[in-house]
Amino acid sequence: MAELLSIPLKKPSDVDLITPLKNLIQSRYSTADKPEDCSEAINEFSKQRSNAIWKAFEKYESSLEIIYGYYDQIVALESKIPPQELQVPFKWKDAFDKGNLFGTRMSLTITSLSFEKVCVLFNIAALQSNVAAAQSVESDEGLKLAAKLLQQSSGILSYLKSTVMLALQQDPTPDLNPDTLGALSQLMLAQAQQIFVHKAIHDNMKDVIVAKLASQCEDLYAECLKVFQRDNLKHIWDKEWIPMIAGKQAALGAVAEFYQSLVCKANKRIGEEIARLRRSSELFKASQSRSGRTFFGDLISKVDRNLNEATKDNDFIYHEIIPDVKALEPIGKAQPAKVLQVSHPMSQNFNDLFSELVPVAVHQALASYDIRKTEIVNTEITKLREATQMLNGLLASLNLPAAIEVTDNGDEVPPSILEKSNGVISLGGITELQRMITELPELLKRNQDILDETDRMLAEEKSSDDALRAQFKEKWTRTPSDNLTEMFKSNSAKYRQILNNAIEADKTVRSKFDTHKQGMELLSNGPGAIQSALPSGNGGCVGNSSAVQILKELMEEVETIKAERVTIEEDLKNPTTDMKDTFLSALAKDGVINEAAISFENLGKTYGSLQKQVAESVEKQGPLIQKIQQAHSQFVSERGSTVGGREQMMCSLASAHDAFRDLLNNLQEGTKFYNDLTQMLVSFQNKVSDFCFARKTEKEELLKDLTQESSRTTPVQPAAPSYHSDPPKTYDATPGAPPQQAQSSGYLPYPVQSQNMPVPYGATANTPYPTYVPPPMPQGYNPYATMPYPSSYQFPQGPPGSYQNAQQAAQAPFPQQSNYGQQPGAYPPGAYPPGSYPTWR
């Protein structure tokens, strides 16, 4: 055995990965037409974690592949979800802390996948050192494996040193301090170099090569010794570590001097040979004195034997002067041991459990593309619908086409009115509108309850934190709630504003319903009721007049335009270009995605011709309206009578028909709006729930530490007896320095005290409901700017950060298709009615 120092492993705690990860993936990736069900992958990931983090403690070579696979999965998942959004309180204990009288150990809990990755990577480096230490120096395969693992371990620790503070964003436990990681990296490198020394001896390499390897190894251990004895580090290590490093430094120096003496012997430099053998003997003795161990024991006897032989030969034959060892030429250096870079994937057969999820950059590009696409669709459909509403309003005010039908049919109900009545009846009539209007308050109340419960959880978490902060004052070291919940509160306020706007929209719909209620009732009751309600006509008949013929032709042109617009609107809804492969290809090719350029090019090809058709349809409506007004003026002049009660009622019925159509569309969109908003609020509530649970776990850990600390009594340090006047040992780490101990201040071999760180949206008369509709939208589902209710909301993302930026978890609420409207007021799966959540309170 090479008697290598191995790094202790950090001890983890079991956590629930399944629920928070499922909530996060559903909120970020799921849509109504393409829900992401990663339940199997999430369950497998949870099992993989449990197996990896505990299997490492068996310290077998086979355990490495298991923990490699878990680390690779974390890296893959980290590229697809922002690590700070996964609200899981990962708790890891300090690797070097042996615990106190009460059995507790220093630990740290952070709600971030980045912290989990750091700790797993640390344990990989630690396990590599343990497996390397178990290898035999007599086995060629064992030496090769040990050298590879120690170099990899050094590389991992060096990587962690440069990235740990950025990943954690707060003070780590001592084992993850950058200085600690740097010291451990140097130690692993020195031990890897030591393995190369053993390999060179085992393979009977040239003496000069072994001497150079050992001399370099002595320098590496000397550098380790300096770092390990720093005031901010020396209390961390096991009490045997520093003496053992000091002993190895001296031993490797002795090995270098011994093999260099063999070079001198071969070159007949007897005086130098004796000087180096004497120095080697001194260093071997110093090594034993420092560490209490014997390193390279088989060489000690050779040194003594060679020294006796060389001295005897020099005394009787050569009579060379023995030079001062300080005057000798330094031994050369050779360092095959390197700090290997961290590779990915580490495991040989890595299989990404979440391969169906796209990287974050692609997901963001898809969301931005959906925003641009929805803006185009909404804008063009708004133009068509506003133009059609203007045209219908004009025709209703002129009582067209009913007026020209009256001239043909006398006192009978005009066919256009009968057609409107049949259309209203086929759609459920006024009864259907009344049913949907009655459901709106229940749908609203359901959303208000979910939002109220979410606000209650945030308020309760803040109240608890404030109370404990007032109780423990400066000892309550975790981040204040207000610093973490800013985004949550901002999104809650936006949701509240959305609901307030929806309430006003409900009032607008109700007012419009009351205004046209009488006309819609007549249309719903059928031709008989309309015939009875219509006053008698004036008997005028100008059916053969030129004005009537012109108006009929113009009415046919109006119907043609309306039919064209229905077709254009359907064409605008239908395109469902899948940009996933396009963005993935761009990312693979360039490393970045120029989303704006790619999106504009694709949208131009997809919607350019449709936008042109919309512009042409709206443009030709202006001249058509002028022709209708002119022909109607001629018609009135030829008819030669004033407008009577019959014509006014038909105008009212035409307006009631248009109002019915608008209200039915508004109420359908309103019901869908409330149901989709319920899904967004449930997602938002789940994120807040995960955040509150993580904060509760962190609170309990900190409370436990503070309670245990307060129960301890600080022992009075007894005065040292007069005969205990020798200061603790430290060692001169200078290569080639005399082996005796230097006197200096000592170090405390005990860990320090445990610590746990822990819209307003616009509305118009034609669009009474909020009209802000930012995607991502479900494919095949297109809200319109003229619809009364918004169909999707996505708030801006917060800046990247650590657990302190946990408010990012509130971003990007998602729409999802639902059937909640069939049971007004029913709570969806995953929502928590008031007073029923959370269960852990």
# chains A, B, ... in the order shown; residues from 1 in each chain; ligands from 1
$ residues_around --residues "Gly292 of chain A" --least-positions-apart "2" --cutoff "10 Å" --atoms "only C-alpha atoms" --output "PyMOL selection string"
chain A and resi 240+243-244+247+285-290+294-295
$ atom_distance --atom1 "atom CA of Ala254 of chain A" --atom2 "atom CA of Ala132 of chain A"
23.7 Å
$ residues_around --residues "Ala266 of chain A" --least-positions-apart "5" --cutoff "12 Å" --atoms "only C-alpha atoms" --output "CSV table (one decimal) with N, CA, C and O atoms, in the first residue's frame"
chain,number,residue,atom,x,y,z
A,206,LYS,N,15.3,3.9,-15.2
A,206,LYS,CA,16.7,4.4,-14.9
A,206,LYS,C,16.7,5.2,-13.6
A,206,LYS,O,15.7,5.8,-13.2
A,207,ASP,N,17.8,5.1,-12.9
A,207,ASP,CA,18.0,5.8,-11.6
A,207,ASP,C,17.7,7.3,-11.7
A,207,ASP,O,17.1,7.9,-10.9
A,208,VAL,N,18.2,7.9,-12.8
A,208,VAL,CA,18.1,9.3,-12.9
A,208,VAL,C,16.6,9.7,-13.1
A,208,VAL,O,16.2,10.8,-12.6
A,259,TYR,N,18.4,7.7,-5.2
A,259,TYR,CA,18.5,7.3,-6.5
A,259,TYR,C,19.5,8.2,-7.3
A,259,TYR,O,20.2,7.8,-8.2
A,260,GLN,N,19.7,9.5,-6.8
A,260,GLN,CA,20.7,10.3,-7.4
A,260,GLN,C,22.1,9.8,-7.0
A,260,GLN,O,23.1,9.9,-7.7
A,261,SER,N,22.2,9.2,-5.8
A,261,SER,CA,23.5,8.6,-5.3
A,261,SER,C,23.8,7.5,-6.2
A,261,SER,O,25.0,7.2,-6.4
A,272,GLU,N,30.3,12.7,-3.8
A,272,GLU,CA,28.9,13.1,-3.9
A,272,GLU,C,27.9,12.0,-3.6
A,272,GLU,O,26.9,12.3,-2.9
A,273,GLU,N,28.3,10.8,-3.9
A,273,GLU,CA,27.5,9.7,-3.6
A,273,GLU,C,27.3,9.6,-2.1
A,273,GLU,O,26.2,9.4,-1.6
$ residues_around --residues "segment 304-308 of chain A" --least-positions-apart "2" --cutoff "9 Å" --atoms "only C-alpha atoms" --output "list in words"
Glu273, Ile274, Leu277, Arg278, Ser281, Leu299, Ile300, Ser301, Lys302, Ala310, Thr311, Lys312 and Asp313 of chain A
$ residues_around --residues "Ser397 of chain A" --least-positions-apart "5" --cutoff "9 Å" --atoms "only C-alpha atoms" --output "ChimeraX atom specification"
/A:392,651-652,654-655
$ closest_atom_pairs --of "segment 661-715 of chain A" --to "segment 15-32 of chain A" --cutoff "9 Å" --atoms "only C-alpha atoms" --output "CSV"
residue,atom,partner,partner_atom,distance
A:Met680,CA,A:Ser27,CA,8.0
A:Ser683,CA,A:Ser27,CA,5.9
A:Phe684,CA,A:Ser27,CA,8.4
A:Asn686,CA,A:Asn23,CA,6.7
A:Lys687,CA,A:Asn23,CA,7.3
A:Asp690,CA,A:Pro20,CA,6.3
$ residues_around --residues "segment 453-463 of chain A" --least-positions-apart "3" --cutoff "7 Å" --atoms "only C-alpha atoms" --output "list in words"
Asp449, Ile450, Asp466, Ala467, Ser481, Gln685, Val688, Cys692 and Pro834 of chain A
